[in-house]
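For reference, work08.cif is printed below; it contains mmCIF, C-alpha atoms and all ligand atoms.
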data_upload
loop_
_atom_site.label_atom_id
_atom_site.label_comp_id
_atom_site.auth_asym_id
_atom_site.auth_seq_id
_atom_site.Cartn_x
_atom_site.Cartn_y
_atom_site.Cartn_z
CA MET A 1 85.43 138.01 122.83
CA PRO A 2 83.92 135.35 120.54
CA LYS A 3 84.06 131.78 121.72
CA TRP A 4 85.83 130.67 118.53
CA GLN A 5 88.78 132.44 116.95
CA TYR A 6 88.53 132.95 113.22
CA THR A 7 92.04 132.04 112.15
CA LYS A 8 93.27 129.92 109.27
CA GLY A 9 93.68 126.26 110.08
CA LEU A 10 92.44 123.53 112.36
CA HIS A 11 90.19 124.27 115.33
CA ASN A 12 89.32 121.73 118.01
CA ILE A 13 85.60 121.96 118.69
CA GLY A 14 85.76 119.20 121.30
CA GLY A 15 84.19 115.75 121.47
CA GLY A 16 86.29 114.61 118.50
CA LEU A 17 85.01 117.32 116.18
CA TRP A 18 87.29 119.66 114.25
CA ALA A 19 86.82 122.55 111.89
CA TRP A 20 89.21 123.76 109.20
CA LEU A 21 88.71 127.49 108.61
CA GLN A 22 89.91 129.70 105.77
CA PRO A 23 89.47 133.41 106.49
CA ASP A 24 88.17 135.66 105.16
CA GLY A 25 85.49 133.32 103.84
CA SER A 26 84.93 135.24 100.60
CA TRP A 27 84.61 133.57 97.17
CA GLY A 28 86.29 130.14 97.32
CA TRP A 29 87.62 130.42 100.90
CA SER A 30 85.52 127.62 102.37
CA ASN A 31 85.50 125.70 105.65
CA ALA A 32 85.64 121.94 106.17
CA GLY A 33 85.13 119.59 109.11
CA LEU A 34 86.40 116.38 110.63
CA VAL A 35 84.44 113.99 112.83
CA VAL A 36 86.47 111.51 114.88
CA ASP A 37 85.47 108.73 117.25
CA GLY A 38 87.95 106.05 118.27
CA ASP A 39 89.83 105.10 115.13
CA GLN A 40 87.01 106.18 112.81
CA THR A 41 86.94 109.46 110.87
CA LEU A 42 84.66 111.32 108.50
CA LEU A 43 85.79 114.36 106.50
CA VAL A 44 83.16 116.98 105.69
CA ASP A 45 84.16 118.60 102.38
CA THR A 46 87.42 119.04 100.53
CA LEU A 47 88.76 122.44 99.41
CA PHE A 48 89.07 124.40 96.16
CA ASP A 49 92.44 123.17 95.00
CA LEU A 50 94.91 120.38 95.64
CA LYS A 51 97.46 122.35 97.63
CA LEU A 52 94.88 123.77 100.02
CA THR A 53 93.35 120.33 100.49
CA GLN A 54 96.75 118.66 100.99
CA ASP A 55 97.73 121.24 103.62
CA MET A 56 94.46 120.60 105.43
CA LEU A 57 94.87 116.81 105.34
CA ASP A 58 98.46 117.13 106.60
CA ALA A 59 97.34 119.30 109.52
CA MET A 60 94.50 116.94 110.38
CA ARG A 61 96.83 113.95 110.32
CA ALA A 62 99.35 115.74 112.50
CA ALA A 63 96.72 116.62 115.10
CA VAL A 64 94.57 113.49 114.95
CA PRO A 65 96.34 110.11 114.56
CA ALA A 66 93.07 108.43 113.45
CA ALA A 67 92.94 110.79 110.45
CA LYS A 68 95.90 108.95 108.86
CA HIS A 69 93.16 106.97 107.21
CA ILE A 70 89.95 108.77 106.31
CA PRO A 71 87.60 106.09 105.01
CA ARG A 72 84.64 108.37 104.32
CA VAL A 73 84.16 111.89 102.97
CA VAL A 74 80.93 113.80 102.50
CA ASN A 75 80.57 116.59 99.94
CA THR A 76 77.92 118.98 101.26
CA HIS A 77 77.18 120.36 97.79
CA ASN A 78 78.58 120.91 94.35
CA ASN A 79 80.68 124.02 94.43
CA GLY A 80 84.33 123.56 93.57
CA ASP A 81 85.44 124.97 96.91
CA HIS A 82 83.85 121.97 98.62
CA VAL A 83 84.70 119.18 96.15
CA PHE A 84 87.75 119.93 93.98
CA GLY A 85 90.12 118.35 96.50
CA ASN A 86 88.32 114.99 96.20
CA GLN A 87 91.15 113.63 94.08
CA LEU A 88 93.34 113.48 97.20
CA VAL A 89 90.83 111.24 98.99
CA ALA A 90 89.85 109.23 95.93
CA ASP A 91 90.41 105.96 97.83
CA SER A 92 87.78 106.95 100.38
CA GLU A 93 84.08 106.43 100.03
CA ILE A 94 82.89 109.85 98.82
CA ILE A 95 79.28 110.52 99.77
CA ALA A 96 76.95 113.16 98.35
CA SER A 97 73.32 113.64 97.48
CA LYS A 98 72.28 112.29 94.10
CA ALA A 99 71.50 115.83 92.90
CA CYS A 100 74.95 117.02 94.00
CA ALA A 101 76.61 114.17 92.09
CA GLU A 102 74.63 115.06 88.94
CA GLU A 103 75.70 118.68 89.21
CA MET A 104 79.32 117.67 89.72
CA ASP A 105 79.30 115.88 86.38
CA GLN A 106 78.03 119.07 84.73
CA ARG A 107 80.67 121.40 86.15
CA THR A 108 84.00 119.67 86.41
CA PRO A 109 87.35 121.04 87.59
CA GLU A 110 88.61 120.65 84.02
CA MET A 111 85.89 123.05 82.82
CA THR A 112 86.72 125.46 85.62
CA ALA A 113 90.41 125.41 84.67
CA GLU A 114 89.45 126.15 81.08
CA LEU A 115 87.26 129.08 82.11
CA SER A 116 90.07 130.47 84.20
CA ARG A 117 92.61 130.02 81.38
CA ASN A 118 90.37 131.79 78.86
CA HIS A 119 89.05 134.52 81.15
CA THR A 120 90.23 137.34 78.90
CA LYS A 121 88.19 136.04 75.95
CA LEU A 122 84.87 135.19 77.56
CA GLY A 123 83.42 138.52 78.69
CA PRO A 124 82.88 140.26 82.02
CA GLY A 125 81.48 137.15 83.77
CA ALA A 126 84.65 135.17 83.15
CA LEU A 127 86.68 138.19 84.18
CA PHE A 128 84.84 138.40 87.49
CA PHE A 129 85.33 134.68 88.06
CA TYR A 130 89.04 135.17 87.45
CA GLU A 131 89.31 138.23 89.67
CA MET A 132 87.50 136.55 92.57
CA MET A 133 88.74 132.96 92.21
CA GLY A 134 90.79 132.06 89.12
CA SER A 135 93.68 134.28 90.13
CA LYS A 136 93.77 132.89 93.68
CA PHE A 137 93.36 129.14 93.29
CA LYS A 138 95.10 126.60 91.06
CA PHE A 139 92.70 124.57 88.97
CA GLU A 140 95.17 123.17 86.44
CA GLY A 141 95.68 119.44 86.85
CA ILE A 142 92.64 118.76 89.05
CA ARG A 143 90.81 115.62 87.97
CA HIS A 144 87.05 115.26 88.24
CA THR A 145 86.50 112.88 91.18
CA PRO A 146 82.78 112.23 91.62
CA PRO A 147 81.10 110.68 94.66
CA SER A 148 81.15 106.90 94.95
CA ARG A 149 77.99 106.75 97.05
CA THR A 150 74.87 108.87 96.68
CA PHE A 151 71.66 109.17 98.62
CA GLU A 152 68.40 111.07 98.62
CA GLY A 153 66.70 112.61 101.62
CA ARG A 154 68.67 111.30 104.56
CA LEU A 155 71.62 109.09 105.34
CA ASP A 156 72.48 108.07 108.92
CA LEU A 157 76.13 107.23 109.50
CA LYS A 158 78.05 105.93 112.47
CA VAL A 159 81.54 107.28 113.03
CA GLY A 160 82.76 105.00 115.80
CA ASP A 161 79.90 105.24 118.30
CA LYS A 162 78.89 108.69 117.11
CA ASP A 163 75.74 109.28 115.08
CA VAL A 164 76.14 111.60 112.11
CA HIS A 165 72.98 112.45 110.21
CA LEU A 166 73.34 113.67 106.65
CA LEU A 167 70.21 115.55 105.67
CA GLU A 168 69.46 116.72 102.17
CA VAL A 169 67.89 120.17 102.49
CA GLY A 170 68.29 121.39 98.89
CA PRO A 171 67.63 122.52 96.34
CA ALA A 172 68.52 125.86 97.94
CA HIS A 173 72.09 127.14 97.56
CA THR A 174 72.67 124.42 94.94
CA ARG A 175 70.52 121.55 93.74
CA GLY A 176 71.75 118.99 96.25
CA ASP A 177 72.67 120.70 99.55
CA VAL A 178 73.39 118.46 102.53
CA ILE A 179 74.02 119.37 106.17
CA ALA A 180 75.81 117.07 108.64
CA TRP A 181 74.34 116.99 112.14
CA VAL A 182 76.12 115.46 115.13
CA PRO A 183 73.46 115.52 117.89
CA LYS A 184 75.69 114.14 120.66
CA ASP A 185 78.02 117.12 120.31
CA LYS A 186 75.24 119.63 119.58
CA THR A 187 77.06 120.52 116.40
CA VAL A 188 76.10 120.96 112.77
CA PHE A 189 78.32 121.37 109.71
CA THR A 190 76.11 123.37 107.38
CA GLY A 191 78.05 123.52 104.13
CA ASP A 192 76.89 126.63 102.28
CA ILE A 193 73.44 126.59 103.85
CA LEU A 194 75.15 129.07 106.14
CA PHE A 195 77.53 131.84 105.15
CA MET A 196 78.62 133.66 108.28
CA ASN A 197 79.33 137.40 107.87
CA GLY A 198 78.95 137.02 104.12
CA HIS A 199 76.10 137.23 101.67
CA PRO A 200 74.74 133.81 100.69
CA VAL A 201 74.21 132.85 97.05
CA LEU A 202 70.81 131.58 96.06
CA TRP A 203 72.03 129.73 92.97
CA ALA A 204 69.21 127.21 92.87
CA GLY A 205 66.39 128.12 95.27
CA PRO A 206 63.60 128.12 96.12
CA VAL A 207 64.24 130.45 99.05
CA ALA A 208 61.52 128.66 101.03
CA ASN A 209 63.68 125.52 101.08
CA TRP A 210 66.61 127.48 102.43
CA ILE A 211 64.49 129.09 105.16
CA LYS A 212 63.08 125.65 105.99
CA ALA A 213 66.62 124.31 106.42
CA LEU A 214 67.51 127.21 108.73
CA ASP A 215 64.33 126.62 110.75
CA LEU A 216 65.22 122.95 111.04
CA MET A 217 68.60 123.81 112.55
CA LEU A 218 67.00 126.37 114.85
CA SER A 219 64.67 123.61 116.12
CA TRP A 220 67.58 121.39 117.16
CA ASP A 221 69.51 121.32 120.40
CA VAL A 222 72.61 122.80 118.75
CA GLU A 223 75.33 124.98 120.24
CA THR A 224 78.06 124.93 117.60
CA VAL A 225 77.43 125.75 113.96
CA VAL A 226 80.27 125.39 111.46
CA PRO A 227 79.28 127.37 108.36
CA GLY A 228 80.51 126.73 104.83
CA HIS A 229 82.22 130.13 104.91
CA GLY A 230 83.12 132.47 107.76
CA PRO A 231 83.64 132.04 111.50
CA ILE A 232 82.14 129.30 113.67
CA THR A 233 78.88 130.48 115.17
CA ASP A 234 75.76 129.33 116.99
CA LYS A 235 72.04 129.64 116.44
CA ALA A 236 72.33 133.43 116.35
CA GLY A 237 74.23 133.08 113.07
CA VAL A 238 71.50 130.83 111.67
CA GLN A 239 68.83 133.32 112.70
CA GLY A 240 70.81 136.13 111.05
CA MET A 241 70.78 134.30 107.73
CA ARG A 242 67.04 133.72 108.08
CA ASP A 243 66.46 137.44 108.69
CA TYR A 244 68.47 138.26 105.57
CA PHE A 245 66.38 136.00 103.36
CA VAL A 246 63.07 137.25 104.72
CA TYR A 247 64.23 140.83 104.11
CA ILE A 248 65.47 140.36 100.55
CA HIS A 249 62.46 138.24 99.64
CA ASP A 250 60.04 140.93 100.81
CA GLU A 251 62.02 143.77 99.23
CA ALA A 252 62.38 141.95 95.91
CA ARG A 253 58.66 141.11 95.91
CA LYS A 254 57.68 144.78 96.31
CA ARG A 255 59.81 145.73 93.35
CA PHE A 256 58.59 142.81 91.26
CA ASP A 257 55.00 143.88 91.92
CA ALA A 258 55.91 147.46 91.00
CA GLY A 259 57.25 146.30 87.64
CA LEU A 260 60.97 146.84 88.18
CA SER A 261 63.36 144.54 86.34
CA ALA A 262 65.40 142.09 88.39
CA GLN A 263 68.52 144.08 87.70
CA ASP A 264 66.98 147.39 88.74
CA ALA A 265 65.59 145.73 91.86
CA ALA A 266 69.00 144.37 92.81
CA TRP A 267 70.51 147.82 92.49
CA ASP A 268 67.62 149.45 94.32
CA ILE A 269 67.34 147.32 97.47
CA ARG A 270 69.02 149.01 100.41
CA MET A 271 71.49 146.68 102.08
CA ASP A 272 72.75 149.09 104.76
CA GLY A 273 71.95 146.57 107.49
CA TRP A 274 74.36 144.10 105.91
CA SER A 275 77.19 146.39 104.84
CA HIS A 276 79.58 144.59 107.21
CA TRP A 277 79.01 141.30 105.35
CA LEU A 278 81.36 140.24 102.55
CA ASP A 279 80.44 139.87 98.90
CA GLY A 280 77.51 142.28 98.71
CA GLU A 281 77.35 141.77 94.93
CA ARG A 282 75.61 138.42 95.52
CA ILE A 283 72.35 140.34 95.93
CA VAL A 284 72.32 140.34 92.12
CA VAL A 285 72.06 136.54 91.88
CA ASN A 286 69.65 136.37 94.80
CA VAL A 287 67.21 138.87 93.30
CA HIS A 288 67.35 137.16 89.89
CA SER A 289 66.54 133.82 91.53
CA LEU A 290 63.69 135.35 93.54
CA TYR A 291 62.26 136.92 90.38
CA ARG A 292 62.32 133.53 88.71
CA GLU A 293 60.31 132.19 91.64
CA PHE A 294 57.86 135.11 91.48
CA GLN A 295 57.35 134.32 87.80
CA GLY A 296 56.21 130.86 88.84
CA LYS A 297 59.24 129.06 87.52
CA SER A 298 60.23 126.29 89.80
CA TYR A 299 63.85 125.34 89.88
CA VAL A 300 65.53 125.13 86.50
CA GLN A 301 69.15 124.35 85.92
CA ARG A 302 70.97 127.58 85.07
CA ASP A 303 72.93 127.16 81.93
CA GLU A 304 76.49 128.37 81.72
CA GLY A 305 75.48 131.44 79.72
CA GLU A 306 73.07 132.66 82.39
CA ALA A 307 75.57 131.96 85.16
CA MET A 308 78.19 134.01 83.29
CA MET A 309 75.68 136.82 82.75
CA LEU A 310 75.12 136.93 86.51
CA PHE A 311 78.86 136.89 87.20
CA GLY A 312 79.18 139.86 84.83
CA LEU A 313 76.40 141.75 86.62
CA MET A 314 77.99 141.01 89.99
CA ARG A 315 81.22 142.52 88.72
CA LYS A 316 79.35 145.64 87.67
CA TYR A 317 77.59 145.85 91.05
CA LYS A 318 80.80 145.34 92.96
CA HIS A 319 82.64 147.99 91.02
CA GLU A 320 79.81 150.50 91.28
CA ARG A 321 78.57 149.81 94.78
CA CYS A 322 81.09 147.96 96.88
CA GLY A 323 83.92 149.94 95.30
CA ALA A 324 87.51 150.21 96.36
CA CYS A 325 86.49 151.26 99.86
CA GLY A 326 84.58 147.98 100.35
CA GLY A 327 81.43 149.58 101.77
CA VAL A 328 78.01 149.86 100.19
CA HIS A 329 77.22 153.51 100.63
CA GLU A 330 76.10 154.83 97.28
CA HIS A 331 72.49 154.63 96.29
CA LYS A 332 72.33 155.28 92.62
CA HIS A 333 68.55 155.37 92.36
CA GLU A 334 68.00 157.90 95.11
ZN ZN B 401 81.32 127.39 99.31
#
Mind turning this structure into structure tokens?
Ligand SMILES: [Zn+2]
Amino acid sequence: MPKWQYTKGLHNIGGGLWAWLQPDGSWGWSNAGLVVDGDQTLLVDTLFDLKLTQDMLDAMRAAVPAAKHIPRVVNTHNNGDHVFGNQLVADSEIIASKACAEEMDQRTPEMTAELSRNHTKLGPGALFFYEMMGSKFKFEGIRHTPPSRTFEGRLDLKVGDKDVHLLEVGPAHTRGDVIAWVPKDKTVFTGDILFMNGHPVLWAGPVANWIKALDLMLSWDVETVVPGHGPITDKAGVQGMRDYFVYIHDEARKRFDAGLSAQDAAWDIRMDGWSHWLDGERIVVNVHSLYREFQGKSYVQRDEGEAMMLFGLMRKYKHERCGACGGVHEHKHE
């Protein structure tokens, strides 16, 4: 039996640390965290919409009297499922990396609501966004609420007597990924540097940065790892993500060297070892990002058109490969 249950809601990690979990951890169903010491609190991430975030804050306040007032919030990275609830903690100091804050200005909740509203007119990418997220979360009425404090590299906070180290490890999943490490409690809140039992998304890259971040966590004296999505884990979960990246990097490289297109490579790579992970279609984004690296292009901001193209290809992959039965078992190219 796993040490931590994977059920929706608040989980007491001990030592004043809490995790808010949202099974099943697929697209948009993110986790958040709360660090408490004495009367001081720090929230790690908000959720994808206002109702989800309000429910979480209510539960935290019911369980932890000190959470009545949350003076500081950290956004681990710019994906809506970690920042769109910021409006409900707008009076708090909202902390993020500078790169995360820049990305937030480029993709606001208002734009996301518009995409969702117009999903029937904007092609297969918008349709996939709607199927996976737009139809499940409520973006209307969310106001862009950017961070009020940014940093680069590292920011050391005190929550009561507790040290919390915010470390910028991106660009990797996004441009400005941050992890929150609480050494005293041997715990790290990873944001989306870790997806547990789900495929990660290499939106930004380079993959070497992501692997470096995983190695950093593996080097620490850490027992509890709260991922951005999926169940609470330990270093075994971190190692599993590392193995995934090494595998897809090597497999994509072989196909790049053999002259396959990124799309053909994505379809061709056997993912049998990961068929129990959610969201297998993300291999499409990951292979495209790896190809960009192989072509010697360092990180470039993906424009909206390219992002939508990738969403469209993920829809195609999901429908062809993951299918109604949910398992990857067809190998078109064999
Ligand atoms: Zn996320």
Considering all atoms listed in the file, tabulate each residue of region 250-321 of chain A that lies at most 12 Å from region 187-207 of chain A along with its nearest interatomic pair and the corresponding distance in Å to one decimal; arrange the rows by chain and ascending residue number and present them as a tab-separated table.
residue	atom	partner	partner_atom	distance
A:Asp250	CA	A:Val207	CA	11.4
A:Met271	CA	A:His199	CA	10.5
A:Gly273	CA	A:His199	CA	11.8
A:Trp274	CA	A:His199	CA	8.3
A:Ser275	CA	A:Gly198	CA	9.6
A:His276	CA	A:Asn197	CA	7.2
A:Trp277	CA	A:Gly198	CA	4.5
A:Leu278	CA	A:Gly198	CA	4.3
A:Asp279	CA	A:His199	CA	5.8
A:Gly280	CA	A:His199	CA	6.0
A:Glu281	CA	A:His199	CA	8.2
A:Arg282	CA	A:Val201	CA	5.9
A:Ile283	CA	A:His199	CA	7.5
A:Val284	CA	A:Val201	CA	9.2
A:Val285	CA	A:Leu202	CA	6.6
A:Asn286	CA	A:Leu202	CA	5.1
A:Val287	CA	A:Leu202	CA	8.6
A:His288	CA	A:Leu202	CA	9.0
A:Ser289	CA	A:Leu202	CA	6.6
A:Leu290	CA	A:Val207	CA	7.4
A:Tyr291	CA	A:Pro206	CA	10.6
A:Arg292	CA	A:Pro206	CA	9.3
A:Glu293	CA	A:Pro206	CA	6.9
A:Phe294	CA	A:Pro206	CA	10.2
A:Gly296	CA	A:Pro206	CA	10.7
A:Lys297	CA	A:Pro206	CA	9.7
A:Ser298	CA	A:Pro206	CA	7.4
A:Tyr299	CA	A:Ala204	CA	6.4
A:Val300	CA	A:Ala204	CA	7.6
A:Gln301	CA	A:Ala204	CA	7.5
A:Arg302	CA	A:Ala204	CA	8.0
A:Asp303	CA	A:Trp203	CA	11.4
A:Glu306	CA	A:Trp203	CA	11.0
A:Ala307	CA	A:Trp203	CA	8.9
A:Leu310	CA	A:Trp203	CA	10.2
A:Phe311	CA	A:Trp203	CA	11.5
A:Met314	CA	A:Val201	CA	11.4
Quiz item: Which one is closest to ligand ZN 401 (chain B): A:Phe256, A:Tyr247, A:Phe84, A:Tyr317? Count only C-alpha atoms and all ligand atoms.
Solution: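 Looking only at the distances to ligand ZN 401 (chain B), the closest residue turns out to be A:Phe84.
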Using all atoms listed in the file, what does the table of chain A residues within 10 Å of ligand ZN 401 (chain B) look like, with each row giving the shortest atom pair and its distance in Å to one decimal, sorted by chain and ascending number, as a tab-separated table?
residue	atom	partner	partner_atom	distance
A:Gly25	CA	B:ZN401	ZN	8.5
A:Ser26	CA	B:ZN401	ZN	8.7
A:Trp27	CA	B:ZN401	ZN	7.3
A:Gly28	CA	B:ZN401	ZN	6.0
A:Trp29	CA	B:ZN401	ZN	7.2
A:Ser30	CA	B:ZN401	ZN	5.2
A:Asn31	CA	B:ZN401	ZN	7.8
A:Ala32	CA	B:ZN401	ZN	9.8
A:Asp45	CA	B:ZN401	ZN	9.7
A:Leu47	CA	B:ZN401	ZN	8.9
A:Phe48	CA	B:ZN401	ZN	8.9
A:Thr76	CA	B:ZN401	ZN	9.3
A:His77	CA	B:ZN401	ZN	8.3
A:Asn78	CA	B:ZN401	ZN	8.6
A:Asn79	CA	B:ZN401	ZN	6.0
A:Gly80	CA	B:ZN401	ZN	7.5
A:Asp81	CA	B:ZN401	ZN	5.3
A:His82	CA	B:ZN401	ZN	6.0
A:Val83	CA	B:ZN401	ZN	9.4
A:His173	CA	B:ZN401	ZN	9.4
A:Gly191	CA	B:ZN401	ZN	7.0
A:Asp192	CA	B:ZN401	ZN	5.4
A:Ile193	CA	B:ZN401	ZN	9.1
A:Leu194	CA	B:ZN401	ZN	9.4
A:Phe195	CA	B:ZN401	ZN	8.3
A:Pro200	CA	B:ZN401	ZN	9.3
A:Val201	CA	B:ZN401	ZN	9.2
A:Pro227	CA	B:ZN401	ZN	9.3
A:Gly228	CA	B:ZN401	ZN	5.6
A:His229	CA	B:ZN401	ZN	6.3
Would you compute the box with edges along x, y and z of the file around region 265-284 of chain A, including every atom the file lists for it and 3 Å extra on each side, and give its centre and edge lengths in Å to one decimal, as AutoDock Vina command-line options?
--center_x 73.5 --center_y 143.9 --center_z 99.7 --size_x 21.8 --size_y 17.0 --size_z 21.6
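If you look at CA of Ile95 (chain A) and CA of Leu57 (chain A), they are 17.7 Å away from each other.
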Practice problem: Mind checking which residues fall within 12 Å of Arg143 (chain A), counting all atoms listed in the file, ignoring those fewer than 6 positions away in the same chain, and posting them as JSON, numbers by chain? | Solution: {"A": [49, 50, 80, 83, 84, 85, 86, 87, 88, 89, 90, 104, 105, 107, 108, 109, 110, 111, 112, 113]}
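One distance worth recording is that between CA of Glu93 (chain A) and CA of His11 (chain A), which is 24.3 Å.
When only C-alpha atoms are used to compute distances to Ile13 (chain A), the closest of the residues A:Ser116, A:Gly305, A:Gly176, A:Val36 turns out to be A:Val36.
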Exercise. Considering all atoms listed in the file, state which residue in the set A:Lys212, A:Leu43, A:Ile248, A:Ser219 is at the smallest distance from Lys235 (chain A).
Key: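 Between A:Lys212, A:Leu43, A:Ile248, A:Ser219, the residue approaching Lys235 (chain A) most closely is A:Ser219.
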Quiz item: Which neighbours of Gly134 (chain A) fall inside 10 Å, counting only C-alpha atoms, when residues of the same chain fewer than 4 positions from it are skipped, and could you give them as a ChimeraX atom specification?
Solution: /A:28,112-113,115-117,119,126-130,138-139
Self-check item: All residues 10 Å or closer to Arg255 (chain A), all atoms listed in the file, same chain fewer than 5 positions away omitted, as a PyMOL selection string
Solution: chain A and resi 250+260-262+264-266+268-269+291
